[in-house]
file entry-v6.cif (mmCIF, N, CA and C atoms)
data_input
loop_
_atom_site.label_atom_id
_atom_site.label_comp_id
_atom_site.auth_asym_id
_atom_site.auth_seq_id
_atom_site.Cartn_x
_atom_site.Cartn_y
_atom_site.Cartn_z
N MET A 1 0.82 -1.20 0.00
CA MET A 1 0.00 0.00 0.00
C MET A 1 0.86 1.26 0.00
N ASN A 2 1.98 1.22 0.71
CA ASN A 2 2.87 2.35 0.78
C ASN A 2 3.45 2.68 -0.59
N LEU A 3 3.74 1.66 -1.39
CA LEU A 3 4.27 1.84 -2.73
C LEU A 3 3.25 2.55 -3.62
N LEU A 4 1.98 2.24 -3.46
CA LEU A 4 0.93 2.88 -4.23
C LEU A 4 0.84 4.36 -3.88
N VAL A 5 0.93 4.69 -2.61
CA VAL A 5 0.87 6.09 -2.18
C VAL A 5 2.06 6.87 -2.74
N ALA A 6 3.25 6.28 -2.70
CA ALA A 6 4.44 6.93 -3.23
C ALA A 6 4.31 7.15 -4.73
N SER A 7 3.75 6.18 -5.43
CA SER A 7 3.55 6.29 -6.88
C SER A 7 2.55 7.40 -7.19
N GLU A 8 1.46 7.47 -6.44
CA GLU A 8 0.47 8.52 -6.64
C GLU A 8 1.06 9.90 -6.33
N ARG A 9 1.88 9.97 -5.30
CA ARG A 9 2.53 11.23 -4.92
C ARG A 9 3.48 11.69 -6.04
N ARG A 10 4.24 10.78 -6.59
CA ARG A 10 5.15 11.11 -7.67
C ARG A 10 4.36 11.64 -8.86
N TRP A 11 3.25 10.99 -9.19
CA TRP A 11 2.41 11.43 -10.28
C TRP A 11 1.87 12.85 -10.03
N LEU A 12 1.46 13.11 -8.80
CA LEU A 12 0.97 14.44 -8.42
C LEU A 12 2.08 15.47 -8.56
N ASP A 13 3.28 15.16 -8.09
CA ASP A 13 4.42 16.08 -8.19
C ASP A 13 4.73 16.41 -9.64
N VAL A 14 4.74 15.40 -10.50
CA VAL A 14 5.02 15.62 -11.92
C VAL A 14 3.92 16.47 -12.55
N THR A 15 2.67 16.17 -12.24
CA THR A 15 1.55 16.93 -12.78
C THR A 15 1.62 18.39 -12.38
N VAL A 16 1.87 18.65 -11.11
CA VAL A 16 1.96 20.03 -10.62
C VAL A 16 3.15 20.73 -11.28
N GLY A 17 4.28 20.05 -11.42
CA GLY A 17 5.45 20.64 -12.06
C GLY A 17 5.18 21.02 -13.50
N VAL A 18 4.53 20.14 -14.23
CA VAL A 18 4.20 20.42 -15.63
C VAL A 18 3.22 21.58 -15.72
N LEU A 19 2.24 21.60 -14.84
CA LEU A 19 1.26 22.68 -14.84
C LEU A 19 1.93 24.03 -14.56
N LEU A 20 2.76 24.09 -13.55
CA LEU A 20 3.44 25.35 -13.21
C LEU A 20 4.39 25.80 -14.32
N SER A 21 5.11 24.86 -14.88
CA SER A 21 6.02 25.20 -15.99
C SER A 21 5.23 25.72 -17.19
N SER A 22 4.10 25.10 -17.48
CA SER A 22 3.26 25.55 -18.59
C SER A 22 2.73 26.95 -18.35
N LEU A 23 2.27 27.20 -17.13
CA LEU A 23 1.77 28.53 -16.80
C LEU A 23 2.86 29.58 -16.97
N LEU A 24 4.05 29.28 -16.51
CA LEU A 24 5.17 30.21 -16.63
C LEU A 24 5.50 30.46 -18.10
N LEU A 25 5.59 29.41 -18.87
CA LEU A 25 5.93 29.54 -20.29
C LEU A 25 4.86 30.33 -21.05
N PHE A 26 3.61 29.91 -20.92
CA PHE A 26 2.54 30.57 -21.67
C PHE A 26 2.29 31.98 -21.16
N GLY A 27 2.45 32.20 -19.87
CA GLY A 27 2.32 33.55 -19.31
C GLY A 27 3.38 34.48 -19.87
N SER A 28 4.61 34.00 -19.93
CA SER A 28 5.70 34.81 -20.49
C SER A 28 5.47 35.12 -21.96
N LEU A 29 5.06 34.11 -22.72
CA LEU A 29 4.78 34.33 -24.14
C LEU A 29 3.64 35.33 -24.34
N TYR A 30 2.65 35.27 -23.48
CA TYR A 30 1.52 36.19 -23.58
C TYR A 30 1.97 37.62 -23.29
N ILE A 31 2.79 37.79 -22.26
CA ILE A 31 3.29 39.12 -21.92
C ILE A 31 4.15 39.68 -23.04
N ILE A 32 5.02 38.84 -23.60
CA ILE A 32 5.86 39.29 -24.71
C ILE A 32 4.99 39.71 -25.89
N ARG A 33 3.95 38.93 -26.17
CA ARG A 33 3.05 39.27 -27.27
C ARG A 33 2.35 40.60 -27.01
N LEU A 34 1.95 40.83 -25.76
CA LEU A 34 1.30 42.09 -25.42
C LEU A 34 2.27 43.26 -25.53
N ASN A 35 3.54 42.99 -25.34
CA ASN A 35 4.53 44.06 -25.33
C ASN A 35 5.29 44.16 -26.64
N ASN A 36 4.63 43.86 -27.74
CA ASN A 36 5.27 43.97 -29.04
C ASN A 36 5.70 45.39 -29.35
N ASP A 37 5.12 46.37 -28.65
CA ASP A 37 5.51 47.77 -28.87
C ASP A 37 7.01 47.96 -28.72
N SER A 38 7.63 47.15 -27.85
CA SER A 38 9.06 47.32 -27.62
C SER A 38 9.87 47.01 -28.86
N ARG A 39 9.34 46.19 -29.73
CA ARG A 39 10.05 45.85 -30.96
C ARG A 39 9.70 46.81 -32.09
N GLU A 40 8.75 47.70 -31.85
CA GLU A 40 8.31 48.60 -32.90
C GLU A 40 8.73 50.04 -32.67
N GLN A 41 9.46 50.32 -31.61
CA GLN A 41 9.95 51.67 -31.37
C GLN A 41 10.95 52.04 -32.44
N GLN A 42 10.92 53.25 -32.89
CA GLN A 42 11.86 53.73 -33.89
C GLN A 42 12.62 54.91 -33.32
N PHE A 43 13.94 54.83 -33.37
CA PHE A 43 14.80 55.90 -32.90
C PHE A 43 15.78 56.26 -34.00
N ASP A 44 16.20 57.52 -34.03
CA ASP A 44 17.24 57.94 -34.96
C ASP A 44 18.60 57.51 -34.43
N ASN A 45 18.63 57.01 -33.24
CA ASN A 45 19.85 56.66 -32.54
C ASN A 45 20.12 55.15 -32.70
N GLU A 46 21.20 54.80 -33.39
CA GLU A 46 21.50 53.38 -33.65
C GLU A 46 21.78 52.62 -32.35
N LEU A 47 22.40 53.29 -31.38
CA LEU A 47 22.69 52.63 -30.11
C LEU A 47 21.40 52.25 -29.38
N ALA A 48 20.41 53.14 -29.43
CA ALA A 48 19.11 52.84 -28.82
C ALA A 48 18.43 51.68 -29.54
N MET A 49 18.56 51.64 -30.85
CA MET A 49 17.98 50.53 -31.61
C MET A 49 18.66 49.22 -31.24
N ARG A 50 19.96 49.26 -31.02
CA ARG A 50 20.69 48.07 -30.55
C ARG A 50 20.16 47.66 -29.18
N GLY A 51 19.93 48.65 -28.30
CA GLY A 51 19.38 48.36 -26.98
C GLY A 51 18.01 47.72 -27.06
N GLN A 52 17.22 48.16 -28.02
CA GLN A 52 15.90 47.56 -28.24
C GLN A 52 16.05 46.10 -28.61
N ARG A 53 17.00 45.78 -29.49
CA ARG A 53 17.23 44.39 -29.87
C ARG A 53 17.71 43.57 -28.67
N VAL A 54 18.60 44.14 -27.87
CA VAL A 54 19.10 43.43 -26.68
C VAL A 54 17.95 43.18 -25.72
N SER A 55 17.07 44.15 -25.53
CA SER A 55 15.94 43.98 -24.60
C SER A 55 15.01 42.86 -25.04
N THR A 56 14.89 42.68 -26.35
CA THR A 56 14.07 41.59 -26.88
C THR A 56 14.80 40.26 -26.75
N GLU A 57 16.07 40.24 -27.15
CA GLU A 57 16.85 39.00 -27.11
C GLU A 57 17.03 38.48 -25.68
N GLN A 58 17.20 39.38 -24.73
CA GLN A 58 17.44 38.98 -23.34
C GLN A 58 16.14 38.76 -22.56
N GLY A 59 15.01 39.07 -23.16
CA GLY A 59 13.72 38.82 -22.51
C GLY A 59 13.25 39.93 -21.60
N CYS A 60 13.88 41.10 -21.65
CA CYS A 60 13.46 42.22 -20.81
C CYS A 60 11.99 42.57 -21.06
N VAL A 61 11.57 42.42 -22.32
CA VAL A 61 10.21 42.78 -22.72
C VAL A 61 9.15 41.88 -22.08
N ALA A 62 9.58 40.79 -21.48
CA ALA A 62 8.61 39.93 -20.80
C ALA A 62 8.07 40.58 -19.54
N CYS A 63 8.83 41.48 -18.96
CA CYS A 63 8.42 42.08 -17.69
C CYS A 63 8.31 43.61 -17.72
N HIS A 64 9.08 44.26 -18.60
CA HIS A 64 9.12 45.72 -18.62
C HIS A 64 8.45 46.25 -19.88
N THR A 65 7.41 47.05 -19.71
CA THR A 65 6.73 47.67 -20.84
C THR A 65 7.50 48.90 -21.30
N VAL A 66 7.18 49.39 -22.46
CA VAL A 66 7.83 50.58 -22.99
C VAL A 66 6.85 51.73 -23.19
N ASP A 67 5.60 51.52 -22.80
CA ASP A 67 4.57 52.53 -23.02
C ASP A 67 4.00 53.12 -21.74
N GLY A 68 4.60 52.77 -20.59
CA GLY A 68 4.10 53.28 -19.32
C GLY A 68 3.04 52.42 -18.68
N SER A 69 2.57 51.40 -19.38
CA SER A 69 1.54 50.53 -18.80
C SER A 69 2.15 49.61 -17.75
N LEU A 70 1.29 49.03 -16.93
CA LEU A 70 1.75 48.14 -15.88
C LEU A 70 2.35 46.86 -16.45
N GLY A 71 3.34 46.37 -15.77
CA GLY A 71 3.97 45.11 -16.14
C GLY A 71 4.45 44.42 -14.88
N ILE A 72 5.15 43.34 -15.04
CA ILE A 72 5.71 42.63 -13.89
C ILE A 72 6.79 43.48 -13.23
N GLY A 73 7.50 44.26 -14.05
CA GLY A 73 8.52 45.19 -13.56
C GLY A 73 8.17 46.60 -13.99
N PRO A 74 8.92 47.58 -13.49
CA PRO A 74 8.65 48.97 -13.86
C PRO A 74 8.76 49.19 -15.37
N SER A 75 7.93 50.08 -15.89
CA SER A 75 7.98 50.42 -17.30
C SER A 75 9.26 51.17 -17.60
N TRP A 76 9.81 50.95 -18.79
CA TRP A 76 11.01 51.66 -19.21
C TRP A 76 10.67 53.09 -19.66
N LYS A 77 9.41 53.36 -19.99
CA LYS A 77 9.03 54.70 -20.40
C LYS A 77 9.15 55.64 -19.20
N GLY A 78 9.98 56.64 -19.34
CA GLY A 78 10.17 57.60 -18.26
C GLY A 78 11.00 57.09 -17.10
N MET A 79 11.64 55.95 -17.28
CA MET A 79 12.39 55.33 -16.18
C MET A 79 13.57 56.17 -15.71
N MET A 80 14.40 56.63 -16.64
CA MET A 80 15.61 57.34 -16.27
C MET A 80 15.25 58.69 -15.64
N GLY A 81 15.74 58.91 -14.43
CA GLY A 81 15.46 60.13 -13.70
C GLY A 81 14.27 60.01 -12.75
N ARG A 82 13.50 58.95 -12.88
CA ARG A 82 12.34 58.74 -12.02
C ARG A 82 12.82 58.33 -10.63
N THR A 83 12.06 58.68 -9.61
CA THR A 83 12.38 58.21 -8.26
C THR A 83 11.49 57.02 -7.94
N GLU A 84 12.08 56.04 -7.28
CA GLU A 84 11.36 54.82 -6.90
C GLU A 84 11.60 54.56 -5.43
N VAL A 85 10.56 54.08 -4.75
CA VAL A 85 10.68 53.68 -3.36
C VAL A 85 11.06 52.20 -3.32
N MET A 86 12.12 51.90 -2.59
CA MET A 86 12.61 50.52 -2.49
C MET A 86 11.89 49.80 -1.35
N ARG A 87 12.01 48.49 -1.32
CA ARG A 87 11.41 47.69 -0.25
C ARG A 87 11.94 48.09 1.11
N SER A 88 13.18 48.58 1.13
CA SER A 88 13.79 49.01 2.39
C SER A 88 13.23 50.33 2.87
N GLY A 89 12.47 51.01 2.01
CA GLY A 89 11.90 52.31 2.37
C GLY A 89 12.72 53.47 1.84
N THR A 90 13.92 53.20 1.36
CA THR A 90 14.73 54.27 0.80
C THR A 90 14.20 54.67 -0.57
N VAL A 91 14.55 55.87 -0.97
CA VAL A 91 14.13 56.38 -2.27
C VAL A 91 15.36 56.46 -3.15
N VAL A 92 15.23 55.95 -4.37
CA VAL A 92 16.35 55.92 -5.31
C VAL A 92 15.92 56.63 -6.58
N THR A 93 16.84 57.43 -7.11
CA THR A 93 16.63 58.02 -8.43
C THR A 93 17.25 57.07 -9.45
N VAL A 94 16.47 56.71 -10.44
CA VAL A 94 16.96 55.78 -11.45
C VAL A 94 17.95 56.53 -12.35
N ASP A 95 19.20 56.13 -12.22
CA ASP A 95 20.27 56.69 -13.02
C ASP A 95 21.10 55.53 -13.58
N GLU A 96 22.20 55.86 -14.23
CA GLU A 96 23.02 54.82 -14.83
C GLU A 96 23.53 53.82 -13.80
N ALA A 97 23.97 54.31 -12.64
CA ALA A 97 24.50 53.42 -11.60
C ALA A 97 23.43 52.44 -11.10
N TYR A 98 22.23 52.96 -10.84
CA TYR A 98 21.14 52.09 -10.38
C TYR A 98 20.76 51.08 -11.46
N PHE A 99 20.68 51.54 -12.70
CA PHE A 99 20.32 50.67 -13.82
C PHE A 99 21.31 49.51 -13.93
N ARG A 100 22.61 49.83 -13.89
CA ARG A 100 23.64 48.80 -13.97
C ARG A 100 23.54 47.83 -12.79
N GLU A 101 23.34 48.36 -11.60
CA GLU A 101 23.24 47.52 -10.41
C GLU A 101 22.03 46.59 -10.51
N SER A 102 20.95 47.09 -11.09
CA SER A 102 19.74 46.27 -11.23
C SER A 102 19.95 45.09 -12.17
N LEU A 103 20.84 45.26 -13.14
CA LEU A 103 21.14 44.16 -14.05
C LEU A 103 22.03 43.11 -13.38
N THR A 104 22.99 43.56 -12.59
CA THR A 104 23.97 42.64 -12.02
C THR A 104 23.58 42.11 -10.64
N ASP A 105 22.76 42.85 -9.91
CA ASP A 105 22.33 42.42 -8.57
C ASP A 105 20.92 42.94 -8.30
N PRO A 106 19.92 42.38 -9.02
CA PRO A 106 18.57 42.94 -9.00
C PRO A 106 17.87 42.91 -7.64
N SER A 107 18.25 42.04 -6.76
CA SER A 107 17.56 41.99 -5.46
C SER A 107 18.16 42.95 -4.44
N ARG A 108 19.24 43.62 -4.78
CA ARG A 108 19.89 44.52 -3.82
C ARG A 108 19.02 45.73 -3.50
N LYS A 109 18.48 46.35 -4.52
CA LYS A 109 17.57 47.50 -4.35
C LYS A 109 16.31 47.19 -5.15
N GLN A 110 15.34 46.61 -4.48
CA GLN A 110 14.11 46.13 -5.11
C GLN A 110 13.01 47.19 -4.98
N VAL A 111 12.41 47.57 -6.11
CA VAL A 111 11.30 48.53 -6.10
C VAL A 111 10.14 47.90 -5.32
N ALA A 112 9.62 48.65 -4.36
CA ALA A 112 8.66 48.12 -3.39
C ALA A 112 7.39 47.55 -4.02
N SER A 113 6.89 48.15 -5.06
CA SER A 113 5.59 47.75 -5.59
C SER A 113 5.65 46.63 -6.63
N TYR A 114 6.83 45.99 -6.78
CA TYR A 114 6.96 44.93 -7.77
C TYR A 114 7.53 43.67 -7.13
N PRO A 115 7.17 42.49 -7.66
CA PRO A 115 7.70 41.24 -7.10
C PRO A 115 9.20 41.09 -7.38
N ASN A 116 9.87 40.38 -6.53
CA ASN A 116 11.32 40.16 -6.67
C ASN A 116 11.54 38.94 -7.56
N VAL A 117 11.40 39.12 -8.87
CA VAL A 117 11.52 38.01 -9.81
C VAL A 117 12.60 38.20 -10.87
N MET A 118 13.26 39.35 -10.87
CA MET A 118 14.26 39.59 -11.91
C MET A 118 15.52 38.77 -11.65
N SER A 119 16.00 38.16 -12.72
CA SER A 119 17.22 37.37 -12.65
C SER A 119 18.44 38.27 -12.85
N ARG A 120 19.56 37.80 -12.38
CA ARG A 120 20.82 38.50 -12.60
C ARG A 120 21.22 38.28 -14.06
N TYR A 121 21.69 39.35 -14.70
CA TYR A 121 22.10 39.27 -16.10
C TYR A 121 23.61 39.40 -16.22
N PHE A 122 24.17 38.62 -17.09
CA PHE A 122 25.60 38.66 -17.38
C PHE A 122 25.75 39.16 -18.81
N LEU A 123 25.75 40.47 -18.94
CA LEU A 123 25.79 41.10 -20.26
C LEU A 123 27.18 41.67 -20.53
N GLU A 124 27.48 41.77 -21.80
CA GLU A 124 28.71 42.45 -22.22
C GLU A 124 28.51 43.95 -22.00
N GLU A 125 29.61 44.66 -21.83
CA GLU A 125 29.54 46.11 -21.60
C GLU A 125 28.79 46.82 -22.73
N ASP A 126 29.02 46.43 -23.97
CA ASP A 126 28.35 47.09 -25.08
C ASP A 126 26.83 46.86 -25.05
N GLU A 127 26.40 45.71 -24.53
CA GLU A 127 24.97 45.44 -24.40
C GLU A 127 24.36 46.32 -23.31
N ILE A 128 25.08 46.49 -22.21
CA ILE A 128 24.60 47.35 -21.11
C ILE A 128 24.49 48.80 -21.60
N VAL A 129 25.50 49.27 -22.30
CA VAL A 129 25.50 50.64 -22.83
C VAL A 129 24.31 50.82 -23.78
N ALA A 130 24.05 49.84 -24.61
CA ALA A 130 22.92 49.92 -25.55
C ALA A 130 21.58 49.93 -24.80
N LEU A 131 21.44 49.08 -23.78
CA LEU A 131 20.21 49.09 -22.98
C LEU A 131 20.01 50.42 -22.28
N LEU A 132 21.09 50.99 -21.77
CA LEU A 132 21.01 52.30 -21.13
C LEU A 132 20.51 53.35 -22.11
N GLU A 133 21.03 53.33 -23.32
CA GLU A 133 20.59 54.30 -24.32
C GLU A 133 19.13 54.08 -24.70
N PHE A 134 18.72 52.84 -24.81
CA PHE A 134 17.32 52.52 -25.08
C PHE A 134 16.43 53.10 -23.98
N ALA A 135 16.82 52.89 -22.72
CA ALA A 135 16.06 53.41 -21.58
C ALA A 135 16.06 54.94 -21.59
N ARG A 136 17.18 55.54 -21.92
CA ARG A 136 17.24 57.02 -21.99
C ARG A 136 16.30 57.55 -23.06
N GLN A 137 16.31 56.93 -24.22
CA GLN A 137 15.44 57.38 -25.31
C GLN A 137 13.97 57.21 -24.94
N LEU A 138 13.65 56.12 -24.28
CA LEU A 138 12.25 55.91 -23.85
C LEU A 138 11.86 56.88 -22.75
N SER A 139 12.82 57.42 -22.05
CA SER A 139 12.53 58.41 -21.02
C SER A 139 12.28 59.78 -21.62
N LEU A 140 12.70 59.99 -22.86
CA LEU A 140 12.49 61.26 -23.55
C LEU A 140 11.14 61.30 -24.27
N VAL A 141 10.57 60.11 -24.54
CA VAL A 141 9.30 59.99 -25.27
C VAL A 141 8.16 60.46 -24.38
N GLU A 142 7.28 61.26 -24.95
CA GLU A 142 6.14 61.72 -24.15
C GLU A 142 4.89 61.01 -24.44
#
call {"tool": "encode", "arguments": {"input": "entry-v6.cif", "output": "structure tokens"}}
result
Amino acid sequence: MNLLVASERRWLDVTVGVLLSSLLLFGSLYIIRLNNDSREQQFDNELAMRGQRVSTEQGCVACHTVDGSLGIGPSWKGMMGRTEVMRSGTVVTVDEAYFRESLTDPSRKQVASYPNVMSRYFLEEDEIVALLEFARQLSLVE
């Protein structure tokens, strides 16, 4: 009888794992589809366009919108120069240093109103510079 219970438990574990993985996958794909605007931004600045490609390739668009609408993470529209309240209660102005730190150590200064789900990114310096320019250009858009 114990073997039957263990077998049923294993089946339940596998079922729940598949269900959660499916929800994560399809949820991410849905968010990316909703955020197609990020791939349609046009800038005269080639570096910003490179940043747009990096944001798509690295999956940033799964959580960060570019039009100011709500997302899993803060919108990139108007991000640079904005002040954010951290979970610790401190207030941070989003600048280049904060942006870089958020890529390399995202849980260090977590924006209070968003879940702590961002992964650490290992990007090349040129990719970070391009993302920064993309964020700057989106901060200039009204």
call {"tool": "atom_distance", "arguments": {"input": "entry-v6.cif", "atom1": "CA of Glu125 (chain A)", "atom2": "CA of Gly51 (chain A)"}}
result
11.7 Å
call {"tool": "resolve_selection", "arguments": {"input": "entry-v6.cif", "expression": "the PyMOL selection byres ((chain A and resi 106-122) around 6.5)", "output": "ChimeraX atom specification"}}
result
/A:72-73,84-88,101-105,123-124
call {"tool": "closest_residue", "arguments": {"input": "entry-v6.cif", "among": "A:Ala62, A:Leu70, A:Leu19, A:Ala135", "to": "Glu96 (chain A)", "atoms": "only C-alpha atoms"}}
result
A:Ala135
call {"tool": "atom_distance", "arguments": {"input": "entry-v6.cif", "atom1": "atom N of Ser21 (chain A)", "atom2": "CA of Arg53 (chain A)"}}
result
27.4 Å
call {"tool": "closest_residue", "arguments": {"input": "entry-v6.cif", "among": "A:Val92, A:Lys77, A:Val14, A:Asp126", "to": "Val141 (chain A)", "atoms": "all atoms listed in the file"}}
result
A:Lys77
call {"tool": "select_by_dssp", "arguments": {"input": "entry-v6.cif", "residues": "region 29-138 of chain A", "states": "alpha helix (DSSP H)", "output": "PyMOL selection string"}}
result
chain A and resi 29-34+37-40+46-57+96-104+125-138
call {"tool": "atom_distance", "arguments": {"input": "entry-v6.cif", "atom1": "CA of Arg50 (chain A)", "atom2": "CA of Trp76 (chain A)"}}
result
15.3 Å
